[in-house]
Every structure is written in structure tokens, then in C-alpha cells.
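Colleague: Sharing protein09.cif, mmCIF, C-alpha atoms:
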data_protein
#
loop_
_atom_site.label_atom_id
_atom_site.label_comp_id
_atom_site.auth_asym_id
_atom_site.auth_seq_id
_atom_site.Cartn_x
_atom_site.Cartn_y
_atom_site.Cartn_z
CA MET A 25 12.77 -108.29 145.34
CA SER A 26 15.10 -107.98 148.31
CA VAL A 27 14.21 -106.03 151.45
CA ARG A 28 16.98 -103.80 152.69
CA SER A 29 17.42 -103.31 156.39
CA SER A 30 16.03 -100.02 157.73
CA ARG A 31 18.56 -99.97 160.54
CA LEU A 32 20.22 -96.58 161.00
CA PRO A 33 23.99 -96.16 160.87
CA GLU A 34 25.65 -96.42 164.26
CA GLY A 35 26.64 -92.74 164.40
CA VAL A 36 23.12 -91.52 163.57
CA HIS A 37 21.64 -93.98 166.06
CA ASP A 38 23.89 -92.64 168.84
CA ALA A 39 22.94 -89.05 168.00
CA VAL A 40 19.21 -89.87 168.13
CA ALA A 41 19.63 -91.71 171.43
CA SER A 42 21.57 -88.77 172.89
CA ALA A 43 18.90 -86.30 171.76
CA ALA A 44 16.15 -88.49 173.24
CA GLY A 45 18.01 -88.71 176.54
CA SER A 46 18.52 -84.95 176.64
CA PHE A 47 14.82 -84.41 175.96
CA GLU A 48 13.89 -86.83 178.74
CA ARG A 49 16.19 -85.07 181.19
CA LEU A 50 14.72 -81.73 180.14
CA GLN A 51 11.21 -83.01 180.87
CA ASN A 52 12.23 -83.73 184.45
CA THR A 53 13.43 -80.17 185.12
CA PRO A 54 11.23 -77.37 186.51
CA ALA A 55 12.04 -75.21 183.48
CA THR A 56 9.93 -77.43 181.26
CA TRP A 57 6.83 -76.82 183.33
CA ILE A 58 7.50 -73.15 183.95
CA ALA A 59 8.26 -72.31 180.31
CA PRO A 60 4.64 -72.29 178.99
CA ALA A 61 3.45 -70.01 181.80
CA ALA A 62 6.52 -67.80 181.42
CA LEU A 63 5.96 -67.55 177.67
CA PHE A 64 2.30 -66.66 178.21
CA LEU A 65 3.19 -63.93 180.72
CA LEU A 66 5.91 -62.59 178.44
CA VAL A 67 3.66 -62.34 175.37
CA PHE A 68 0.35 -61.34 176.92
CA ARG A 69 1.43 -59.47 180.06
CA LEU A 70 4.95 -58.11 179.96
CA TYR A 71 5.02 -57.06 176.29
CA PRO A 72 1.67 -55.14 176.48
CA LEU A 73 2.92 -53.44 179.66
CA ILE A 74 6.15 -52.31 178.01
CA GLU A 75 4.22 -51.24 174.90
CA ALA A 76 1.76 -49.20 177.00
CA VAL A 77 4.63 -47.38 178.71
CA ARG A 78 6.19 -46.64 175.32
CA MET A 79 2.87 -45.42 173.90
CA SER A 80 2.40 -43.05 176.84
CA PHE A 81 5.35 -41.01 175.58
CA THR A 82 3.82 -40.57 172.12
CA ASN A 83 0.86 -38.77 170.52
CA MET A 84 -0.34 -42.04 168.97
CA SER A 85 -3.90 -42.08 167.62
CA LEU A 86 -6.20 -44.73 166.23
CA VAL A 87 -7.06 -42.58 163.21
CA GLU A 88 -3.54 -41.38 162.34
CA PRO A 89 -0.92 -43.94 161.30
CA GLU A 90 1.97 -41.56 161.98
CA TYR A 91 2.97 -40.55 165.49
CA GLN A 92 5.78 -38.79 167.29
CA TYR A 93 7.43 -39.09 170.67
CA VAL A 94 6.33 -36.14 172.81
CA GLY A 95 7.96 -37.01 176.13
CA LEU A 96 5.85 -36.24 179.18
CA GLU A 97 3.34 -34.14 177.26
CA SER A 98 0.50 -36.66 177.74
CA TYR A 99 1.15 -36.88 181.48
CA VAL A 100 1.27 -33.10 181.85
CA SER A 101 -1.95 -32.70 179.88
CA ILE A 102 -3.77 -35.26 182.03
CA LEU A 103 -2.47 -34.10 185.41
CA SER A 104 -3.21 -30.45 184.63
CA SER A 105 -6.83 -31.21 183.77
CA SER A 106 -9.44 -30.47 186.44
CA THR A 107 -11.62 -33.21 184.98
CA PHE A 108 -8.92 -35.77 185.76
CA TRP A 109 -8.88 -34.83 189.42
CA THR A 110 -12.68 -34.94 189.55
CA MET A 111 -12.56 -38.47 188.16
CA SER A 112 -9.79 -39.35 190.62
CA ARG A 113 -12.05 -38.29 193.50
CA VAL A 114 -14.91 -40.37 192.08
CA THR A 115 -12.55 -43.32 191.65
CA LEU A 116 -11.31 -43.02 195.22
CA ILE A 117 -14.86 -43.02 196.61
CA PHE A 118 -15.91 -45.88 194.34
CA VAL A 119 -12.89 -48.07 195.17
CA ALA A 120 -12.82 -47.36 198.92
CA ALA A 121 -16.56 -47.94 199.42
CA SER A 122 -16.61 -51.04 197.22
CA VAL A 123 -13.60 -52.65 198.91
CA VAL A 124 -14.89 -52.02 202.43
CA LEU A 125 -18.37 -53.33 201.60
CA GLN A 126 -17.04 -56.38 199.74
CA ILE A 127 -14.75 -57.31 202.62
CA THR A 128 -17.56 -56.76 205.16
CA PHE A 129 -20.30 -58.67 203.36
CA GLY A 130 -17.84 -61.34 202.21
CA MET A 131 -16.79 -61.96 205.81
CA ILE A 132 -20.41 -62.08 207.02
CA LEU A 133 -21.36 -64.59 204.32
CA ALA A 134 -18.22 -66.68 204.89
CA LEU A 135 -18.90 -66.87 208.63
CA ALA A 136 -22.57 -67.71 208.03
CA ILE A 137 -21.77 -70.46 205.53
CA ASP A 138 -18.99 -71.85 207.73
CA TYR A 139 -21.39 -71.97 210.68
CA GLY A 140 -24.09 -73.57 208.54
CA VAL A 141 -21.74 -76.27 207.25
CA LYS A 142 -20.43 -77.08 210.74
CA GLU A 143 -23.96 -77.23 212.16
CA LYS A 144 -25.22 -79.11 209.08
CA LEU A 145 -27.95 -76.55 208.41
CA ARG A 146 -29.97 -76.62 205.23
CA GLY A 147 -29.43 -73.94 202.62
CA SER A 148 -25.64 -73.66 202.84
CA VAL A 149 -25.10 -74.99 199.32
CA SER A 150 -27.92 -72.91 197.79
CA THR A 151 -26.54 -69.78 199.49
CA ARG A 152 -23.10 -70.37 197.97
CA VAL A 153 -24.61 -70.96 194.53
CA ALA A 154 -26.71 -67.78 194.77
CA VAL A 155 -23.72 -65.67 195.79
CA LEU A 156 -21.39 -67.18 193.18
CA SER A 157 -23.91 -66.52 190.40
CA ALA A 158 -23.11 -62.81 190.65
CA TRP A 159 -19.40 -63.51 190.24
CA VAL A 160 -19.62 -65.52 187.02
CA ILE A 161 -21.87 -63.03 185.20
CA PRO A 162 -19.90 -60.65 182.91
CA GLY A 163 -19.68 -57.04 184.05
CA ILE A 164 -21.53 -55.72 180.98
CA VAL A 165 -24.48 -58.00 181.74
CA ILE A 166 -24.49 -56.99 185.41
CA GLY A 167 -24.63 -53.32 184.41
CA ILE A 168 -27.57 -53.98 182.09
CA LEU A 169 -29.43 -55.98 184.75
CA TRP A 170 -29.02 -53.27 187.36
CA LYS A 171 -29.98 -50.59 184.85
CA ILE A 172 -33.23 -52.46 184.16
CA MET A 173 -33.92 -52.77 187.89
CA LEU A 174 -33.17 -49.09 188.55
CA ILE A 175 -35.26 -47.60 185.73
CA GLU A 176 -36.68 -44.32 187.03
CA THR A 177 -40.32 -45.07 186.31
CA ASN A 178 -42.87 -47.33 187.90
CA TYR A 179 -41.71 -50.01 185.45
CA GLY A 180 -38.35 -50.32 187.19
CA VAL A 181 -38.24 -53.19 189.67
CA VAL A 182 -36.86 -51.19 192.59
CA ASN A 183 -39.00 -48.11 192.00
CA TYR A 184 -42.09 -50.29 191.56
CA LEU A 185 -41.47 -51.82 194.98
CA LEU A 186 -40.88 -48.37 196.47
CA LEU A 187 -44.16 -47.11 195.01
CA GLN A 188 -45.99 -50.12 196.41
CA ALA A 189 -44.52 -49.29 199.82
CA GLY A 190 -45.76 -45.70 199.58
CA PHE A 191 -42.53 -43.96 198.57
CA ASP A 192 -41.82 -41.73 195.58
CA VAL A 193 -39.78 -42.67 192.51
CA VAL A 194 -36.04 -42.35 193.20
CA ALA A 195 -33.68 -40.97 190.54
CA PHE A 196 -31.14 -43.77 190.84
CA LEU A 197 -29.30 -42.99 187.59
CA SER A 198 -29.95 -39.31 186.85
CA ASP A 199 -28.99 -37.88 190.23
CA PRO A 200 -25.16 -37.65 190.60
CA GLN A 201 -25.00 -38.89 194.19
CA MET A 202 -27.55 -41.66 193.67
CA ALA A 203 -25.84 -42.74 190.45
CA LEU A 204 -22.51 -43.16 192.26
CA LEU A 205 -24.25 -45.02 195.08
CA SER A 206 -25.94 -47.28 192.53
CA THR A 207 -22.62 -48.18 190.88
CA ILE A 208 -21.06 -48.93 194.27
CA THR A 209 -24.02 -51.14 195.17
CA ALA A 210 -23.86 -53.06 191.87
CA ASN A 211 -20.11 -53.53 192.13
CA THR A 212 -20.41 -54.69 195.74
CA TRP A 213 -23.07 -57.21 194.72
CA ARG A 214 -20.75 -58.56 192.06
CA GLY A 215 -17.51 -58.59 194.06
CA THR A 216 -18.76 -59.92 197.39
CA ALA A 217 -18.71 -63.46 196.01
CA PHE A 218 -14.94 -63.40 195.47
CA SER A 219 -14.30 -62.13 199.00
CA MET A 220 -16.63 -64.78 200.38
CA ILE A 221 -14.72 -67.55 198.57
CA MET A 222 -11.32 -66.32 199.76
CA LEU A 223 -12.39 -65.76 203.36
CA TYR A 224 -14.33 -69.01 203.58
CA ALA A 225 -11.22 -70.87 202.41
CA GLY A 226 -9.23 -69.07 205.10
CA LEU A 227 -11.73 -70.04 207.78
CA GLN A 228 -11.24 -73.71 206.92
CA GLN A 229 -7.58 -73.42 207.93
CA VAL A 230 -8.28 -72.15 211.47
CA PRO A 231 -7.58 -75.00 213.94
CA THR A 232 -10.69 -76.06 215.85
CA HIS A 233 -8.79 -76.48 219.11
CA LEU A 234 -8.15 -72.71 219.21
CA TYR A 235 -11.89 -72.07 219.34
CA ASP A 236 -12.30 -74.78 221.97
CA ALA A 237 -9.56 -73.23 224.12
CA ALA A 238 -11.14 -69.79 223.75
CA LYS A 239 -14.53 -71.17 224.84
CA VAL A 240 -12.94 -72.77 227.89
CA ASP A 241 -11.40 -69.40 228.77
CA GLY A 242 -14.87 -67.82 228.59
CA ALA A 243 -14.43 -65.88 225.34
CA ARG A 244 -17.66 -64.87 223.66
CA ALA A 245 -18.37 -65.13 219.92
CA LEU A 246 -17.18 -61.58 219.17
CA GLN A 247 -14.03 -62.09 221.23
CA ARG A 248 -13.29 -65.39 219.48
CA PHE A 249 -13.69 -63.63 216.13
CA ARG A 250 -11.38 -60.79 217.15
CA TYR A 251 -8.63 -62.72 218.93
CA VAL A 252 -8.74 -66.09 217.14
CA THR A 253 -10.30 -65.80 213.69
CA ILE A 254 -8.83 -62.50 212.52
CA PRO A 255 -5.19 -63.26 213.50
CA GLN A 256 -5.39 -66.68 211.84
CA ILE A 257 -6.78 -65.46 208.50
CA LYS A 258 -4.77 -62.24 208.15
CA PRO A 259 -2.70 -63.57 205.22
CA VAL A 260 -5.92 -64.41 203.37
CA VAL A 261 -7.39 -61.00 204.18
CA PHE A 262 -4.24 -59.37 202.82
CA ILE A 263 -4.37 -61.27 199.52
CA ASN A 264 -8.10 -60.66 199.22
CA LEU A 265 -7.68 -56.96 199.89
CA VAL A 266 -4.97 -56.54 197.27
CA LEU A 267 -6.87 -58.47 194.58
CA ILE A 268 -10.25 -56.78 195.03
CA THR A 269 -8.63 -53.34 195.19
CA ILE A 270 -6.85 -53.91 191.87
CA TYR A 271 -9.96 -55.47 190.35
CA THR A 272 -12.21 -52.61 191.50
CA LEU A 273 -9.79 -49.93 190.36
CA ASN A 274 -9.79 -51.49 186.88
CA THR A 275 -13.58 -51.80 186.65
CA PHE A 276 -15.12 -50.04 183.68
CA ASP A 277 -17.37 -52.52 181.84
CA MET A 278 -20.12 -52.59 184.45
CA ILE A 279 -20.14 -48.78 184.82
CA MET A 280 -20.14 -48.31 181.05
CA SER A 281 -23.34 -50.33 180.65
CA LEU A 282 -24.98 -49.04 183.84
CA THR A 283 -24.44 -45.27 183.72
CA GLY A 284 -21.95 -44.64 180.90
CA GLY A 285 -20.00 -42.50 183.37
CA GLY A 286 -22.87 -40.06 183.82
CA PRO A 287 -24.65 -37.98 184.70
CA GLY A 288 -21.86 -35.65 183.70
CA HIS A 289 -18.70 -37.19 185.18
CA ALA A 290 -20.42 -38.37 188.38
CA THR A 291 -19.55 -42.04 187.83
CA GLU A 292 -16.68 -41.78 185.35
CA VAL A 293 -13.83 -43.60 187.04
CA LEU A 294 -10.28 -43.58 185.69
CA ALA A 295 -10.60 -47.00 184.04
CA LEU A 296 -13.66 -45.85 182.10
CA PHE A 297 -11.93 -42.57 181.20
CA MET A 298 -8.96 -44.57 179.86
CA TYR A 299 -11.28 -46.71 177.72
CA LEU A 300 -13.19 -43.72 176.34
CA GLU A 301 -9.99 -41.78 175.68
CA GLY A 302 -8.55 -44.65 173.68
CA PHE A 303 -11.53 -46.05 171.81
CA ASN A 304 -14.03 -43.15 171.65
CA ARG A 305 -11.70 -40.18 171.28
CA PHE A 306 -8.91 -42.29 169.68
CA ASN A 307 -6.12 -40.73 171.80
CA LEU A 308 -4.02 -43.82 172.44
CA GLY A 309 -1.11 -41.82 173.85
CA GLN A 310 -3.16 -40.24 176.62
CA ALA A 311 -5.06 -43.47 177.27
CA ALA A 312 -1.73 -45.25 177.75
CA ALA A 313 -0.58 -42.49 180.11
CA VAL A 314 -3.70 -43.01 182.25
CA ALA A 315 -3.01 -46.76 182.24
CA VAL A 316 0.54 -46.18 183.49
CA LEU A 317 -0.71 -43.85 186.23
CA MET A 318 -3.23 -46.49 187.31
CA LEU A 319 -0.44 -49.08 187.39
CA LEU A 320 1.59 -46.84 189.68
CA VAL A 321 -1.44 -46.41 191.96
CA ASN A 322 -1.89 -50.19 192.09
CA VAL A 323 1.76 -50.70 192.99
CA LEU A 324 1.60 -47.96 195.64
CA MET A 325 -1.52 -49.40 197.27
CA THR A 326 -0.01 -52.89 197.28
CA ALA A 327 3.11 -51.52 198.97
CA VAL A 328 0.95 -49.82 201.61
CA TYR A 329 -0.97 -53.04 202.24
CA MET A 330 2.29 -54.96 202.56
CA ARG A 331 3.58 -52.38 205.04
CA ILE A 332 0.44 -52.72 207.16
CA PHE A 333 -0.08 -56.48 207.03
CA ILE A 334 3.41 -57.91 206.64
CA GLU A 335 5.95 -55.66 208.30
CA GLU A 336 3.86 -54.46 211.25
CA GLU A 337 2.11 -57.78 211.88
CA GLY A 338 5.12 -59.96 211.12
CA LEU A 339 3.32 -62.18 208.59
#
Show me this structure written as C-alpha cells.
Modeller:
Amino acid sequence: MSVRSSRLPEGVHDAVASAAGSFERLQNTPATWIAPAALFLLVFRLYPLIEAVRMSFTNMSLVEPEYQYVGLESYVSILSSSTFWTMSRVTLIFVAASVVLQITFGMILALAIDYGVKEKLRGSVSTRVAVLSAWVIPGIVIGILWKIMLIETNYGVVNYLLLQAGFDVVAFLSDPQMALLSTITANTWRGTAFSMIMLYAGLQQVPTHLYDAAKVDGARALQRFRYVTIPQIKPVVFINLVLITIYTLNTFDMIMSLTGGGPGHATEVLALFMYLEGFNRFNLGQAAAVAVLMLLVNVLMTAVYMRIFIEEEGL
């Protein structure tokens, strides 16, 4: 039995070699490495964004398969509602307070850890682990944990400690003002870790000789922080500020498990309203309109931050 040669014809062999060479050249181009990320963004980011904008001009519902295009009707209905503006005020307070507190506590922790590492103090690693533990816990779980701690009886952890100290039980979740303060506190506890990571990374990039020169000139610790540290880490502060603002504005999972938006609408932020409108009341059109409005707010705030940090400071 004879064995026939498996050698390809010369024309086919040349075509295969040409295709292999083209593939090898393609592998060495940036497009090959960018394509997977671009495809992911196109499918999971850009398409849902375009679809949400389209849905906002419809009366689409989860319980009705048929829908119609209604133009700006969803936007008019939302913007003419007094409840929407009440939730906008709550959202503004929640976002502003959370962002300021996260930046403040994140900076304090970053400076403390940076000082501890440079001075080789014990506890720097354990402090970072303790702070980061809040960041990796899902928002739903954080809301449940804080709800357990803030139970308005002597069985709640915080109220038990207050009773032991001689104080009365505090209505952390049933009083409107205290409920909003509780959600801000829980969100600050969760988000401080991210600010700490960003700012600590920025502190590592500050040249040591700048601090040495400032010490020689007689600058105190607060003056070194103001005139050396802050100018050097402004780009990091800008990025941190934009990210935590967007993240806080879109927070709904923690609030949903902590207060459910109550009492009344005291803690119902726009992100939670969007979720409830879409998946509790099944009004996908109006939920999409709220999502588009929140996107515009995010873009506007980012533009304001860029105006403040980039154009005026020359970053």
C-alpha cells in the first residue's frame, strides 16, 4: 500500500503562508490588543446607553409587550412631578455630603498610612486591610449590616451602646433626618477606602526632596501639606473626585437594603427611584428617562470639575 505525499500544491501553500504572515503582522498592531476592550465597551456599554436613550422616548413597560414612541412625554411627566424634585434635593445632599466626607477621611487615612510606612510603625498593614474590607463588601450586604447595627431597640448595636452610656434610644431609621444621616454615614464608611487608595497612591509620587526643601525653609506640617502635597496630587484628587461622585450618584443597592428609600421619600435618591420605577412599577420608559437625566448630571459635574481643576489650575 503506497503512501501518497501530503504536501500541498504550491498555490495553496503560498496562500496559507500569506495568510499566516498577515495574521502575524496583525498581532503586532495596536488594533489587535484594543479590539477586545473595544468590543466589550460596544456591546456592554455603548449599546445599553443608546438603548436607554431610545427607551426614554417610549411608554415601554415590563408587563406590556407593545409600546409606542411618545416623544418627551416621560421627561415632562418626571420633571413636572414634585416628588422628583424632592428626591433631587435628597440626592444632592446625599452626594455632596458623601463626597466631601469620603475625600476628607480618605486623605486623613492616606496621610496616616503614608506616615506610618515611612516611619516603619506597626499597624499600617492592618489599618489598610481594615479599611479595604468595607470596599470589597457588596452594597446590599453593607446596607443589611448597618440596618442590624442601627435597629431602634436595645438589641441594636449602636443603641445598646448609647443606652449603656446613659442616652436614650435614637430613631436612626424611622426619623427622616436621622435616616438620611445614617445612609450618608454608611456610604461614607464604604467609599472612604477607594479615596484612601487613590490618594495614598498619589502621595507616593510626591518627590521627597520637596518636603526636605520645605523643612529647610521653615514650613510647618500644615504648610507643607498645603503648598507641597496638595499641588502635587491635584490630578489624583481630580480623578478621585469624578469617580466617587459618579459612583455615589448611582448608589441604590445599599440604600435599598438599609432604608428602602424611607421613611416616606426621605432617603429615596434618584438611582433608587429609577430602579423602583423600572422593576417595581414596571415603567421602563420613565426609568430610562431618569437614567438619561442622571447621565446628563454626571457629564455636567465632570465638566465643572474639569473647569476647576484643569483649566484654572493648568493641569
Colleague: Run the PyMOL selection byres ((chain A and resi 218) around 10) on the file and write out the hits as a VMD selection string.
Modeller: chain A and resid 126 to 127 130 155 to 156 158 to 160 214 to 217 219 to 224 264 267 to 268
Colleague: Go ahead and find all residues with at least one atom no further than 8 Å from (-2.5, -41.9, 176.7) in the file's coordinates, using only C-alpha atoms; report them as a list in words.
Modeller: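 Residues found, by chain and rising number: Met79, Ser80, Phe81, Thr82, Asn83, Ser98, Tyr99, Met298, Glu301, Gly302, Asn307, Leu308, Gly309, Gln310, Ala311, Ala312, Ala313, Val314 and Ala315 of chain A.
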Colleague: Hey, what comes out of the PyMOL selection byres ((chain A and resi 194) around 8) on this file? Could you write it as a VMD selection string?
Modeller: chain A and resid 176 183 192 to 193 195 to 196
Colleague: As a check of understanding, name the residues that the PyMOL selection byres ((chain A and resi 262) around 10) selects in the supplied structure, as number ranges by chain.
Modeller: A: 257-261, 263-267, 326, 329-330, 332-334, 339
Colleague: Just give me the gap between atom CA of Tyr139 of chain A and atom CA of Ser122 of chain A in Å, one decimal is fine.
Modeller: 25.3 Å
Colleague: In Å to one decimal, how far is atom CA of Val100 of chain A from atom CA of Arg305 of chain A?
Modeller: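 Computing the Euclidean distance for atom CA of Arg305 of chain A and atom CA of Val100 of chain A yields 18.2 Å.
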Colleague: Which of these residues is nearest to Ser206 of chain A, using only C-alpha atoms: A:Ile279, A:Val230, A:Leu133, A:Ala154?
Modeller: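 Residue with the minimum atom-to-atom distance to Ser206 of chain A: A:Ile279.
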Colleague: Within 12 Å of (-10.8, -50.8, 188.2), in the coordinates the file gives, what residues turn up when you count all atoms listed in the file, written out as an MDAnalysis selection string?
Modeller: chainID A and resid 112 114:116 118:120 122:123 163 211 215 267:279 292:299 315 318:319 321:322
Colleague: When you count only C-alpha atoms, which of these residues is closest to Ile137 of chain A: A:Leu185, A:Leu234, A:Leu86, A:Leu227?
Modeller: A:Leu227
